[in-house]
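> Please find one structure pasted underneath; my questions will follow.
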Amino acid sequence: MSERKRWSLIAGLGLLIAGAIGGLIYMEDENIANLRNEVTAITAKIDKGRVTVAKTPALEREVIIQRETDSVVAQILPSDDDLNNLVRNLRDFQESSGARIVEVKNKNVRNANKEGDFDRVVYSLKFDANIFQMLEFTGLVENSPRFMSVPTFKLTAARRAGEEKGEEPRHTIQMDVETFVYEAKDHAKEARIDSYDRKRDLLLSEISKRQAELQIPGYEYRGQRGRRDPWVDPRVPRGKVGTDFLEIPEQILLVENLVERTQGAVVRWEEYTTSENLIAQMKARAELEKVMAELEEDVRQVLESNQLTFVSAERRFENEVVLALEELNAKLNNSVGVVGPTVAVLKEAIDTVEGFLQQHRYDDALTAFQTIEPRLHLAENDVARKPMIAKLRWLARMADTVLVFDGIEMRISGVGLIEGMQPVAVVNGESLSEGEMVEDDLFIRSIREDEIEFVYRGVILARRIEPGSPQESKK
Amino acid sequence: MIHINLLPEEYRRQSRTPIKFTVGICLAVAVNCSLLAWWSWMAFGVKAEVNSELAVLTDTMESISPQIAYHDSLESENAIYKTRETTLAEITSNRMSWTRKVDELIDVVNEGGSDEPYLVWFKDLSVTQSVNSTRGDYGGLNASGHSGNGNFAHVANFLEDLEASPFIYDFSSPAPPEGSQSNRDEDLVPAENWSFPLELNLLSPEDRTAQAAMMAAQATEEPSNE
């Protein structure tokens with residue numbers, strides 16, 4: 001082999017080996033680059049995953065709260081199965097409000113206005129009621145735990161003719177009641193949360209708060225409150241108006257005047273209660289009593305004359321004058337500086353005396369009465385306390401009657417009960433039959449085998465006849 | 001030309017590999033050995049290091065994956081709850097309490113004016129509520145009213161009181177007063193009365209919410225001012 005050929009062979013072999021190794025190096029480099037890319041990608045994924053996982057506790061809390069409040073959502077918007085209960089509820093609302101439902105129709109609008117997972121359901125109701133019954137009814141509908149609303153209604157006022165015949169004015173009302181039915185398309189697959197109960201217990205306050213937030217605020221309807229129904233024609237038939245009839249503006253002014261005077265009496269009451277010394281208090285009290293006396297007389301006249309035919313004025317008179325005066329009288333009676341025993345004291349005295357009478361402790365009943373008796377005359381003129389004093393005196397008289405009757409000496413020698421003849425008793429040696437007088441104020445009411453009933457000072461009392469008479473009988 | 005070496009064997013010059021050739025081979029071997037060493041460093045050094053790093057990361061990823069899956073399942077569950085809650089909020093925000101509105105209207109009618117009392121009543125009441133934001137029509141309240149007085153100014157007084165009451169908060173202002181005198185009825189007191197329409201348009205749910213917020217703010221301010 002020539003030298004040239006040898007050189008060529010060596011160079012060729014050398015280059016071939018170098019090329020092969022270079023190829024390996026290149027491939028290895030590529031491989032390493034790919035691995036490095038993979039590392040970068042996984043690192044990014046891990047970082048992202050860590051950020052996500054860091055949010056898990058908060059999300060877990062949120063899901064627990066959502067799960068626990070889901071029952072509230074289900075109550076506000078129940079499933080289809082609950083529609084029958086809705087109709088039952090409407091019936092209950094009718095009963096509570098006094099409205100009279102005559103027609104219930106399902107308007108069948110479901111799916112027409114679908115709101116996500118919620119189906120709209122509309123019931124059309126026809127009922128009659130006065131405006132306050134209607135408000136009671138709509139109030140119950142709107143405050144129902146199930147979400148319900150009234151999107152439309154139409155009221156046609158009761159005819160005047162019916163009212164003049166003395167019928168209760170009831171309007172005809174056509175009302176749509178709308179609700180939604182929850183029908184979940186995507187059921188939430190519940191993730192398994194470890195130590196769920198413990199985590200839930202830690203979130204109880206937040207759960208309660210969220211549940212409260214979900215509740216739909218309602219309007220608390222407080223009833224008629226002395227107001228007139230604006231859908232009832234308030235005009236008064238001229239024929240029904242008496243000689244003392246006042247025009248509506250005059251009625252309003254009359255009531256206005258009485259209201260002002262009542263408010264004046266209330267101001268005087270305030271002055272009386274805030275008086276700085278006894279003299280000022282007595283003066284304020286005297287003025288208050290004078291104002292009250294005049295006002296009560298005028299109120300009595302208004303009530304007797306039936307001057308108020310306008311319902312609105314009548315209601316205002318009732319609420320702002322009559323009730324306010326009653327309240328003021330009650331305050332006066334219960335006030336510390338009131339003359340004579342207060343209502344509370346009288347009530348207590350009555351309860352005490354009644355209690356003793358029930359226990360047949362007549363002496364104690366009289367003693368209890370005698371402790372209060374000297375002060376009773378101070379309150380005799382008070383309208384509110386007068387009946388209480390009368391009752392107390394009557395109870396005391398009863399106790400006294402029993403005691404006096406007990407002290408009356410009577411010898412009952414015997415009784416004669418013969419069929420077909422009037423019964424006879426021998427009292428103090430005299431033969432007496434039913435209805436006959438034993439002595440002043442003491443009459444025989446009935447004679448029985450074992451006891452004789454007497455009427456003494458209008459009170460029925462009995463004495464038992466012990467075997468072996470003649471003897472001193474027992475009460 | 002042919003050279004013939006005639007010297008005896010022991011005197012002839014010894015034959016050997018030329019130095020150039022040897023150097024050439026050595027160079028080739030050195031280059032290839034270097035290349036081989038480089039490849040070895042890459043394959044057993046760098047690549048092994050990256051591989052081990054990758055193995056560690058893969059382990060980490062595997063350990064974190066269940067937590068991510070758990071998070072994702074919580075997220076999808078929460079999303080369903082959120083959708084439901086949002087829909088519920090939308091439904092409830094559109095609701096109007098007609099109990100409140102009619103109650104407030106009754107209050108205004110019963111107060112009956114402060115300086116010059118009026119006597120107002122109605123023959124009917126029609127209420128509609130709709131959500132039609134494109135036309136700006138959200139429904140309203142209509143009633144045929146009567147004022148029991150010959151003085152038509154009483155209707156204006158009533159509408160003015162209505163505008164000053166909380167009743168109006170959910171409605172736009174009523175139209176200017178208009179009406180006609182009804183037949184005089186001498187059998188009734190008062191004999192004269194004016195009939196007038198009461199027509200009020202509902203505000204949009206957003207405006208109503210804003211009004212409610214304003215009212216709530218006023219209500220909280222009032223006690224603090226006192």
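Labels for the structure tokens follow display order: chains A, B, ..., residues from 1 in each chain, ligands from 1.
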Using only C-alpha atoms, find each residue of chain B with at least one atom at most 6 Å away from an atom of chain A; report its shortest atom-to-atom pair and that distance in Å (one decimal), sort the rows by chain and rising residue number, and return the result as JSON lines.

```
{"residue": "B:Ala28", "atom": "CA", "partner": "A:Gly14", "partner_atom": "CA", "distance": 5.3}
{"residue": "B:Asn32", "atom": "CA", "partner": "A:Ala18", "partner_atom": "CA", "distance": 5.2}
{"residue": "B:Trp39", "atom": "CA", "partner": "A:Ile25", "partner_atom": "CA", "distance": 5.0}
{"residue": "B:Lys47", "atom": "CA", "partner": "A:Ile32", "partner_atom": "CA", "distance": 5.6}
{"residue": "B:Leu54", "atom": "CA", "partner": "A:Val39", "partner_atom": "CA", "distance": 5.5}
{"residue": "B:Met61", "atom": "CA", "partner": "A:Ile46", "partner_atom": "CA", "distance": 5.9}
{"residue": "B:His71", "atom": "CA", "partner": "A:Thr56", "partner_atom": "CA", "distance": 5.7}
{"residue": "B:Ser73", "atom": "CA", "partner": "A:Ala191", "partner_atom": "CA", "distance": 6.0}
{"residue": "B:Leu74", "atom": "CA", "partner": "A:Ala191", "partner_atom": "CA", "distance": 6.0}
{"residue": "B:Glu77", "atom": "CA", "partner": "A:Ala188", "partner_atom": "CA", "distance": 5.1}
{"residue": "B:Asn78", "atom": "CA", "partner": "A:Val63", "partner_atom": "CA", "distance": 5.7}
{"residue": "B:Thr99", "atom": "CA", "partner": "A:Leu135", "partner_atom": "CA", "distance": 5.4}
{"residue": "B:Trp121", "atom": "CA", "partner": "A:Pro230", "partner_atom": "CA", "distance": 4.7}
{"residue": "B:Phe122", "atom": "CA", "partner": "A:Trp231", "partner_atom": "CA", "distance": 4.9}
{"residue": "B:Lys123", "atom": "CA", "partner": "A:Ala157", "partner_atom": "CA", "distance": 5.2}
{"residue": "B:Asp124", "atom": "CA", "partner": "A:Thr156", "partner_atom": "CA", "distance": 4.6}
{"residue": "B:Leu125", "atom": "CA", "partner": "A:Leu155", "partner_atom": "CA", "distance": 4.9}
{"residue": "B:Ser126", "atom": "CA", "partner": "A:Lys154", "partner_atom": "CA", "distance": 4.3}
{"residue": "B:Val127", "atom": "CA", "partner": "A:Thr152", "partner_atom": "CA", "distance": 5.2}
{"residue": "B:Thr128", "atom": "CA", "partner": "A:Thr152", "partner_atom": "CA", "distance": 4.4}
{"residue": "B:Gln129", "atom": "CA", "partner": "A:Pro151", "partner_atom": "CA", "distance": 5.0}
{"residue": "B:Asp187", "atom": "CA", "partner": "A:Arg238", "partner_atom": "CA", "distance": 5.2}
{"residue": "B:Leu188", "atom": "CA", "partner": "A:Pro237", "partner_atom": "CA", "distance": 4.4}
{"residue": "B:Val189", "atom": "CA", "partner": "A:Val236", "partner_atom": "CA", "distance": 5.2}
```
> Once you have the residues from the selection above, write them out as a compact mmCIF listing (two decimals), in the first residue's frame, restricted to C-alpha atoms.

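Saved to selection_11.txt:
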```txt
# COMPACT_ATOMS: atom_id res chain seq x y z
CA ALA B 28 -6.48 11.27 15.07
CA ASN B 32 -11.42 11.03 18.84
CA TRP B 39 -19.85 12.55 24.97
CA LYS B 47 -27.91 14.07 31.34
CA LEU B 54 -36.71 15.43 36.41
CA MET B 61 -45.84 16.60 40.69
CA HIS B 71 -59.15 21.56 44.30
CA SER B 73 -63.53 19.10 42.09
CA LEU B 74 -64.22 21.69 44.80
CA GLU B 77 -68.92 22.08 42.84
CA ASN B 78 -68.59 25.68 43.94
CA THR B 99 -97.96 44.95 50.25
CA TRP B 121 -111.01 57.25 47.18
CA PHE B 122 -110.53 54.87 44.26
CA LYS B 123 -112.72 52.73 42.07
CA ASP B 124 -110.07 50.26 40.99
CA LEU B 125 -106.39 49.46 41.08
CA SER B 126 -104.30 47.79 38.45
CA VAL B 127 -100.69 46.80 38.96
CA THR B 128 -98.32 45.26 36.43
CA GLN B 129 -94.67 44.50 36.77
CA ASP B 187 -128.13 62.03 48.04
CA LEU B 188 -124.56 61.88 49.25
CA VAL B 189 -122.37 64.07 51.37
```
> Would you mind listing what lies within 12 Å of Arg300 of chain A as a list in words, with only C-alpha atoms counted and same-chain residues fewer than 4 positions away left out?
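In the requested form, the answer reads Leu258, Met292, Ala293, Glu294, Leu295, Glu296, Glu304, Ser305, Asn306, Gln307, Phe317, Val321, Val322 and Leu325 of chain A.
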> Produce a file of the selected residues containing C-alpha atoms, as a compact mmCIF listing (two decimals), in the first residue's frame.

```txt
# COMPACT_ATOMS: atom_id res chain seq x y z
CA LEU A 258 -110.23 66.93 70.32
CA MET A 292 -109.33 65.63 81.55
CA ALA A 293 -112.77 66.17 83.05
CA GLU A 294 -113.73 68.68 80.32
CA LEU A 295 -112.30 66.50 77.60
CA GLU A 296 -114.04 63.37 78.85
CA GLU A 304 -123.67 59.85 72.36
CA SER A 305 -124.63 62.18 69.52
CA ASN A 306 -123.18 59.94 66.76
CA GLN A 307 -121.89 63.06 65.03
CA PHE A 317 -111.25 59.97 67.08
CA VAL A 321 -108.67 60.63 71.40
CA VAL A 322 -110.55 57.76 73.04
CA LEU A 325 -107.52 59.25 77.01
```
> Quick one: residues within 8 Å of Leu203 of chain B, only C-alpha atoms counted, chain neighbours fewer than 6 positions away excluded, as a ChimeraX atom specification?
/B:138,170-172
> Just the selected residues (C-alpha atoms), exported as a short mmCIF file (atom, residue, chain, number, x, y, z; two decimals), in the first residue's frame, please.

```
data_model
loop_
_atom_site.label_atom_id
_atom_site.label_comp_id
_atom_site.auth_asym_id
_atom_site.auth_seq_id
_atom_site.Cartn_x
_atom_site.Cartn_y
_atom_site.Cartn_z
CA TYR B 138 -91.03 48.09 33.93
CA ASP B 170 -90.16 53.05 43.44
CA PHE B 171 -92.01 55.09 40.83
CA SER B 172 -91.27 57.93 38.49
#
```
> As an exercise, work out the distance from atom CA of Asp364 of chain A to atom CA of Lys391 of chain A in Å and give it to one decimal place.
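Between atom CA of Asp364 of chain A and atom CA of Lys391 of chain A the gap works out to 17.1 Å.
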> Would you mind telling me which residue in A:Asn108, A:Thr401, A:Ser8, A:Ser413 lies nearest to Val455 of chain A when using only C-alpha atoms?
A:Thr401
> Give me, as a ChimeraX atom specification, the residues of segment 60-300 of chain A that a backbone DSSP run labels strand (DSSP E or B).
/A:100-106,115,118-129,148-156,171-182,236-237
> Can you list every residue in segment 89-165 of chain A that DSSP puts in helix (DSSP H, G or I), as JSON, numbers by chain?
{"A": [89, 90, 91, 92, 93, 94, 95, 96, 97, 131, 132, 133, 134, 135, 136, 137, 138, 139, 140, 141, 142, 160, 161, 162, 163, 164]}
> Just the selected residues (N, CA and C atoms), exported as a CSV table (one decimal), in the first residue's frame, please.

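Done, and the output landed in result-v9.csv:
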```csv
chain,number,residue,atom,x,y,z
A,89,ASN,N,-100.5,26.2,51.0
A,89,ASN,CA,-100.1,27.5,51.6
A,89,ASN,C,-101.1,28.6,51.3
A,90,LEU,N,-101.5,28.6,50.0
A,90,LEU,CA,-102.4,29.7,49.6
A,90,LEU,C,-103.7,29.6,50.3
A,91,ARG,N,-104.1,28.3,50.6
A,91,ARG,CA,-105.4,28.1,51.3
A,91,ARG,C,-105.2,28.6,52.8
A,92,ASP,N,-104.0,28.3,53.3
A,92,ASP,CA,-103.8,28.8,54.7
A,92,ASP,C,-103.8,30.3,54.8
A,93,PHE,N,-103.2,30.9,53.7
A,93,PHE,CA,-103.1,32.4,53.7
A,93,PHE,C,-104.6,33.0,53.6
A,94,GLN,N,-105.4,32.3,52.9
A,94,GLN,CA,-106.8,32.7,52.7
A,94,GLN,C,-107.5,32.7,54.1
A,95,GLU,N,-107.2,31.6,54.8
A,95,GLU,CA,-107.8,31.4,56.2
A,95,GLU,C,-107.4,32.5,57.1
A,96,SER,N,-106.0,32.8,57.1
A,96,SER,CA,-105.5,33.8,58.0
A,96,SER,C,-105.9,35.2,57.7
A,97,SER,N,-106.1,35.5,56.4
A,97,SER,CA,-106.3,36.9,56.0
A,97,SER,C,-107.8,37.2,56.0
A,131,ILE,N,-109.5,45.8,51.4
A,131,ILE,CA,-108.1,46.1,51.0
A,131,ILE,C,-107.2,45.6,52.1
A,132,PHE,N,-107.6,45.6,53.4
A,132,PHE,CA,-106.7,45.2,54.4
A,132,PHE,C,-106.6,43.6,54.4
A,133,GLN,N,-107.6,42.9,54.1
A,133,GLN,CA,-107.5,41.5,54.0
A,133,GLN,C,-106.6,41.2,52.8
A,134,MET,N,-106.7,41.9,51.7
A,134,MET,CA,-105.8,41.7,50.5
A,134,MET,C,-104.4,41.9,50.9
A,135,LEU,N,-104.1,43.0,51.7
A,135,LEU,CA,-102.7,43.3,52.1
A,135,LEU,C,-102.2,42.2,53.0
A,136,GLU,N,-103.1,41.7,53.9
A,136,GLU,CA,-102.7,40.6,54.8
A,136,GLU,C,-102.3,39.4,53.9
A,137,PHE,N,-103.1,39.1,52.9
A,137,PHE,CA,-102.9,38.0,52.0
A,137,PHE,C,-101.6,38.2,51.2
A,138,THR,N,-101.4,39.3,50.6
A,138,THR,CA,-100.2,39.5,49.8
A,138,THR,C,-98.9,39.5,50.8
A,139,GLY,N,-99.1,40.1,52.0
A,139,GLY,CA,-98.0,40.0,52.9
A,139,GLY,C,-97.6,38.6,53.3
A,140,LEU,N,-98.6,37.8,53.4
A,140,LEU,CA,-98.3,36.3,53.7
A,140,LEU,C,-97.6,35.7,52.5
A,141,VAL,N,-98.1,36.0,51.3
A,141,VAL,CA,-97.5,35.5,50.1
A,141,VAL,C,-96.0,36.0,50.0
A,142,GLU,N,-95.8,37.2,50.2
A,142,GLU,CA,-94.4,37.8,50.0
A,142,GLU,C,-93.5,37.4,51.1
A,160,ARG,N,-121.0,50.4,45.7
A,160,ARG,CA,-121.6,51.1,46.8
A,160,ARG,C,-123.0,50.6,47.2
A,161,ALA,N,-123.7,50.1,46.2
A,161,ALA,CA,-125.1,49.6,46.5
A,161,ALA,C,-125.0,48.5,47.6
A,162,GLY,N,-124.1,47.6,47.5
A,162,GLY,CA,-123.9,46.5,48.4
A,162,GLY,C,-123.7,47.0,49.8
A,163,GLU,N,-122.8,48.0,49.9
A,163,GLU,CA,-122.4,48.6,51.2
A,163,GLU,C,-123.6,49.3,51.9
A,164,GLU,N,-124.5,50.0,51.0
A,164,GLU,CA,-125.7,50.6,51.6
A,164,GLU,C,-126.7,49.6,52.1
```
> Atom CA of Val404 of chain A and atom CA of Asp441 of chain A, how far apart in Å?
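Computing it gives 11.5 Å between the two atoms.
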> I'd like the contact shell of Val109 of chain B - 9 Å cut-off, only C-alpha atoms, skipping same-chain residues fewer than 2 positions apart - returned as a PyMOL selection string.
(chain A and resi 228+230) or (chain B and resi 104-107+111-113+118-121+158+161-162)
